[in-house]
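Taking it in order: structure first as structure tokens, then the write-up.
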Amino acid sequence: MRAAHPLAYPALKAGNRAVTRVPGLGVLVRDARLLRGVLMNTASFTKTGPGSPADLWTPVLGPSVLLNMEGADHLALRRQLGPLFGPAYVDDMVKESLAAPLVSLSARLRAGEPVDLVAEVRRYASIAISRLVGLTDEVMDDDLFRRVASITSMVRLSKPRLSPPQIERARAVMAELGAHAERAYRAADESTVPGRMRALGLTETQAMGAVGAFVLTGTETLVSYIPRLVCLLVDSGWLPAIAADRALVEQAIAEGLRVTTPSPVMLRSVVTDDAIGTVRVRPGDRVILATFAANRALGPFDPDANTAATLKQLWFGAGTHFCLGAPLAMAQIRSVLDALLQFPSLSIESRKAARGVLIPSYARVVVRA
Ligand code: HEM
């Protein structure tokens with residue numbers, strides 16, 4: 001996290017107050033209960049307004065892409081998109097699309113080859129997102145993945161908006177993806193997700209906005225998390241125990257999500273006078289929800305203690321904006337971990353943290369069985 005955000009990360013961790021006003025940044029919240037209270041209170045705290053995600057993403061993705069919407073329109077769009085993330089649908093999609101790559105991963109590890117987990121998971125996340133947005137797997141290649149990451153890496157906590165040249169660059173990448181998704185939508189082929197979106201009643205503009213939101217939110221989070229989880233399991237010595245007792249897998253995944261919190265911070269804008277704990281807030285204030293700090297305050301990674309169970313998956317948010325892609329994320333995490341648990345003696349040969357990224361991640365994690 002320090003490699004990704006050398007200034008913001010220590011600043012968000014400094015001091016021990018649950019809520020505090022940080023000049024130039026906003027009102028910082030680091031307590032799980034208060035944080036959930038903000039997420040559930042959409043009358044006072046919204047994702048639209050000054051300093052909110054809408055400020056960042058609307059110029060790139062347009063006005064109606066879930067993560068910059070509130071109220072009835074937001075709810076209606078979520079309902080329409082819901083079937084795309086039904087656990088049965090995503091489980092089948094992940095099983096079918098990752099079957100061959102995971103067999104190849106196992107074969108390479110069994111042969112004693114070194115494998116870079118980051119490159120590997122990047123490919124899996126790209127395959128899933130490609131299915132979701134109607135691209136062929138080849139279109140969402142490493143290069144396009146990097147261009148998408150170059151959009152999120154423009155985001156800095158100290159800058160609530162992107163600059164006009166950054167917006168232009170981000171729009172160009174999105175347009176490239178949109179062209180493929182548009183073809184799939186227009187062909188009304190229900191074997192593609194844009195085709196299904198059309199069948200679900202989404203307009204072309206809504207469908208293209210959703211495609212952009214999925215690509216932005218759903219790729220880097222997974223590419224960050226899965227290698228970090230494997231490192232946690234190896235470093236803490238838990239890997240062999242979990243490989244031997246698969247009943248611990250869900251607890252290990254939840255604990256890993258708690259400790260790493262791949263989406264470390266959420267933003268809200270204040271719309272009415274209110275208070276967070278003892279701190280009064282006013283319309284226009286920006287609220288920085290430091291989920292990573294709240295989650296980590298509960299202690300180190302420990303699948304046995306499983307303190308994550310008390311958090312109701314706060315790492316996926318809460319309330320109306322709770323991560324729509326959570327079933328897809330969980331299906332991918334389970335599949336990849338299942339393949340790796342065949343190798344309880346997996347060791348990490350080398351690793352390197354990524355710099356200049358929004359989502360704290362490794363740039364490389366080379367493992368060998
Ligand atoms: C481990 C992986 C992931 C984590 C930790 C994660 C975390 C989150 C969090 C915390 C939010 C709420 C943000 C807020 O309230 O401000 C969110 C929203 C969202 N996530 Fe995820 N996410 C993950 C993977 C995915 C994937 C794979 C997708 C698939 C496309 C996805 C799609 C979305 C969408 C569309 C939203 C916006 C929902 C809305 O505003 O109604 N996420 N995610």
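Every chain in the structure tokens takes a letter, A first, then B, and so on in the order presented; its residues are numbered from 1, and the ligands are numbered from 1 following the presented order.
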Exercise for review: From a DSSP calculation on the backbone, collect every residue of segment 217-306 of chain A in strand (DSSP E) and output the set as a ChimeraX atom specification.
Suggested key: /A:266-270,274-276,279-281,286-289
Quick one: write out the picked residues with N, CA, C and O atoms as a tab-separated table (two decimals), in the first residue's frame?
```tsv
chain	number	residue	atom	x	y	z
A	266	MET	N	-13.46	4.55	0.09
A	266	MET	CA	-14.67	4.96	-0.65
A	266	MET	C	-14.89	6.45	-0.40
A	266	MET	O	-14.46	6.97	0.63
A	267	LEU	N	-15.56	7.10	-1.32
A	267	LEU	CA	-15.78	8.54	-1.19
A	267	LEU	C	-17.27	8.85	-1.18
A	267	LEU	O	-18.06	8.19	-1.87
A	268	ARG	N	-17.65	9.85	-0.41
A	268	ARG	CA	-19.02	10.34	-0.42
A	268	ARG	C	-19.00	11.86	-0.34
A	268	ARG	O	-18.03	12.46	0.15
A	269	SER	N	-20.10	12.47	-0.80
A	269	SER	CA	-20.25	13.91	-0.69
A	269	SER	C	-21.43	14.18	0.26
A	269	SER	O	-22.45	13.48	0.19
A	270	VAL	N	-21.28	15.17	1.14
A	270	VAL	CA	-22.34	15.46	2.11
A	270	VAL	C	-23.39	16.36	1.46
A	270	VAL	O	-23.05	17.35	0.82
A	274	ASP	N	-25.23	17.07	9.02
A	274	ASP	CA	-25.32	15.79	9.75
A	274	ASP	C	-24.08	15.67	10.63
A	274	ASP	O	-23.29	16.62	10.74
A	275	ALA	N	-23.89	14.50	11.23
A	275	ALA	CA	-22.68	14.28	12.04
A	275	ALA	C	-22.20	12.86	11.78
A	275	ALA	O	-23.01	11.95	11.55
A	276	ILE	N	-20.89	12.68	11.81
A	276	ILE	CA	-20.31	11.33	11.78
A	276	ILE	C	-19.58	11.19	13.10
A	276	ILE	O	-18.59	11.88	13.34
A	279	VAL	N	-18.11	14.37	14.87
A	279	VAL	CA	-17.72	15.44	13.92
A	279	VAL	C	-18.92	15.89	13.08
A	279	VAL	O	-19.56	15.09	12.40
A	280	ARG	N	-19.22	17.20	13.15
A	280	ARG	CA	-20.33	17.75	12.36
A	280	ARG	C	-19.88	17.90	10.91
A	280	ARG	O	-18.74	18.26	10.64
A	281	VAL	N	-20.79	17.58	9.99
A	281	VAL	CA	-20.45	17.75	8.57
A	281	VAL	C	-21.51	18.63	7.90
A	281	VAL	O	-22.65	18.70	8.34
A	286	ARG	N	-16.43	16.62	1.77
A	286	ARG	CA	-16.07	15.34	1.14
A	286	ARG	C	-15.75	14.35	2.26
A	286	ARG	O	-14.99	14.67	3.18
A	287	VAL	N	-16.31	13.14	2.18
A	287	VAL	CA	-16.07	12.13	3.21
A	287	VAL	C	-15.18	11.04	2.64
A	287	VAL	O	-15.48	10.48	1.57
A	288	ILE	N	-14.08	10.77	3.33
A	288	ILE	CA	-13.15	9.73	2.90
A	288	ILE	C	-13.31	8.54	3.85
A	288	ILE	O	-12.98	8.63	5.03
A	289	LEU	N	-13.86	7.47	3.33
A	289	LEU	CA	-14.10	6.29	4.15
A	289	LEU	C	-12.90	5.36	4.00
A	289	LEU	O	-12.74	4.71	2.94
```
Exercise for review: Check every protein, DNA and RNA residue against ligand 1, keep those with an atom at most 7 Å away (counting only C-alpha atoms and all ligand atoms), and present them as a VMD selection string.
Suggested key: chain A and resid 39 47 66 to 68 74 78 129 213 to 215 217 to 219 221 to 222 225 257 261 to 263 266 to 267 315 to 318 320 to 326 328 to 329
Export, as a compact mmCIF listing (two decimals), in the first residue's frame, the selected residues with N, CA and C atoms.
```txt
# COMPACT_ATOMS: atom_id res chain seq x y z
N LEU A 39 -22.44 4.76 4.78
CA LEU A 39 -22.84 4.07 3.55
C LEU A 39 -24.35 3.83 3.51
N LYS A 47 -23.01 9.57 -3.65
CA LYS A 47 -21.89 9.37 -4.59
C LYS A 47 -21.95 10.40 -5.72
N LEU A 66 -24.10 3.61 -12.47
CA LEU A 66 -24.23 3.07 -11.11
C LEU A 66 -23.38 3.80 -10.09
N LEU A 67 -22.05 3.78 -10.31
CA LEU A 67 -21.17 4.30 -9.28
C LEU A 67 -21.20 5.82 -9.19
N ASN A 68 -21.98 6.47 -10.07
CA ASN A 68 -22.16 7.92 -9.93
C ASN A 68 -23.65 8.26 -9.92
N HIS A 74 -30.82 4.82 -9.86
CA HIS A 74 -29.75 3.89 -9.49
C HIS A 74 -30.33 2.50 -9.19
N ARG A 78 -29.72 -1.02 -11.22
CA ARG A 78 -29.17 -2.20 -10.51
C ARG A 78 -30.08 -3.40 -10.68
N ILE A 129 -13.87 -10.39 -17.66
CA ILE A 129 -14.40 -9.09 -18.06
C ILE A 129 -14.76 -9.09 -19.55
N ALA A 213 -18.21 0.77 -16.43
CA ALA A 213 -18.13 0.62 -14.97
C ALA A 213 -17.55 -0.74 -14.60
N PHE A 214 -17.97 -1.79 -15.32
CA PHE A 214 -17.47 -3.14 -15.00
C PHE A 214 -15.96 -3.22 -15.23
N VAL A 215 -15.52 -2.65 -16.35
CA VAL A 215 -14.09 -2.74 -16.66
C VAL A 215 -13.28 -1.97 -15.63
N THR A 217 -14.12 -1.17 -12.49
CA THR A 217 -14.17 -1.66 -11.11
C THR A 217 -13.73 -3.11 -10.97
N GLY A 218 -13.88 -3.88 -12.03
CA GLY A 218 -13.79 -5.33 -11.86
C GLY A 218 -12.49 -5.99 -12.27
N THR A 219 -11.54 -5.24 -12.79
CA THR A 219 -10.32 -5.91 -13.22
C THR A 219 -9.21 -5.76 -12.18
N THR A 221 -9.17 -4.80 -9.09
CA THR A 221 -9.43 -5.28 -7.73
C THR A 221 -9.04 -6.75 -7.60
N LEU A 222 -9.40 -7.54 -8.62
CA LEU A 222 -9.10 -8.98 -8.55
C LEU A 222 -7.62 -9.25 -8.77
N TYR A 225 -6.11 -8.57 -5.57
CA TYR A 225 -6.41 -9.41 -4.41
C TYR A 225 -5.82 -10.81 -4.46
N LEU A 257 -9.64 -10.72 2.47
CA LEU A 257 -10.31 -9.52 1.97
C LEU A 257 -10.34 -8.44 3.04
N THR A 261 -8.29 -5.40 1.90
CA THR A 261 -9.30 -4.44 1.43
C THR A 261 -8.92 -3.86 0.05
N PRO A 262 -9.11 -4.66 -1.01
CA PRO A 262 -8.62 -4.25 -2.33
C PRO A 262 -9.16 -2.91 -2.82
N SER A 263 -10.36 -2.54 -2.38
CA SER A 263 -10.87 -1.21 -2.71
C SER A 263 -10.73 -0.41 -1.41
N MET A 266 -13.46 4.55 0.09
CA MET A 266 -14.67 4.96 -0.65
C MET A 266 -14.89 6.45 -0.40
N LEU A 267 -15.56 7.10 -1.32
CA LEU A 267 -15.78 8.54 -1.19
C LEU A 267 -17.27 8.85 -1.18
N TRP A 315 -15.66 -4.93 3.02
CA TRP A 315 -14.71 -4.73 1.91
C TRP A 315 -15.42 -4.64 0.56
N PHE A 316 -16.69 -5.09 0.50
CA PHE A 316 -17.47 -4.91 -0.73
C PHE A 316 -18.44 -3.73 -0.59
N GLY A 317 -18.30 -2.91 0.44
CA GLY A 317 -19.21 -1.79 0.66
C GLY A 317 -20.41 -2.22 1.48
N ALA A 318 -21.45 -1.39 1.45
CA ALA A 318 -22.68 -1.70 2.19
C ALA A 318 -23.80 -0.85 1.62
N THR A 320 -26.91 0.49 -0.72
CA THR A 320 -27.37 0.47 -2.12
C THR A 320 -26.23 0.29 -3.13
N HIS A 321 -25.00 0.68 -2.75
CA HIS A 321 -23.89 0.56 -3.71
C HIS A 321 -23.03 -0.68 -3.46
N PHE A 322 -23.51 -1.57 -2.61
CA PHE A 322 -22.73 -2.80 -2.33
C PHE A 322 -22.28 -3.40 -3.66
N CYS A 323 -21.02 -3.85 -3.69
CA CYS A 323 -20.40 -4.31 -4.94
C CYS A 323 -21.30 -5.25 -5.74
N LEU A 324 -21.68 -4.80 -6.92
CA LEU A 324 -22.54 -5.61 -7.79
C LEU A 324 -21.79 -6.85 -8.28
N GLY A 325 -20.47 -6.70 -8.43
CA GLY A 325 -19.68 -7.80 -8.99
C GLY A 325 -19.18 -8.80 -7.95
N ALA A 326 -19.64 -8.67 -6.68
CA ALA A 326 -19.11 -9.55 -5.63
C ALA A 326 -19.25 -11.04 -5.98
N LEU A 328 -19.16 -12.45 -8.85
CA LEU A 328 -18.15 -12.76 -9.87
C LEU A 328 -16.75 -12.78 -9.24
N ALA A 329 -16.49 -11.80 -8.39
CA ALA A 329 -15.19 -11.75 -7.72
C ALA A 329 -14.99 -13.03 -6.90
```
Review point. Which residue gives the smallest distance to Arg33 of chain A among A:Met208, A:Leu200, A:Ala18, A:Leu337, with only C-alpha atoms counted?
Key: A:Ala18
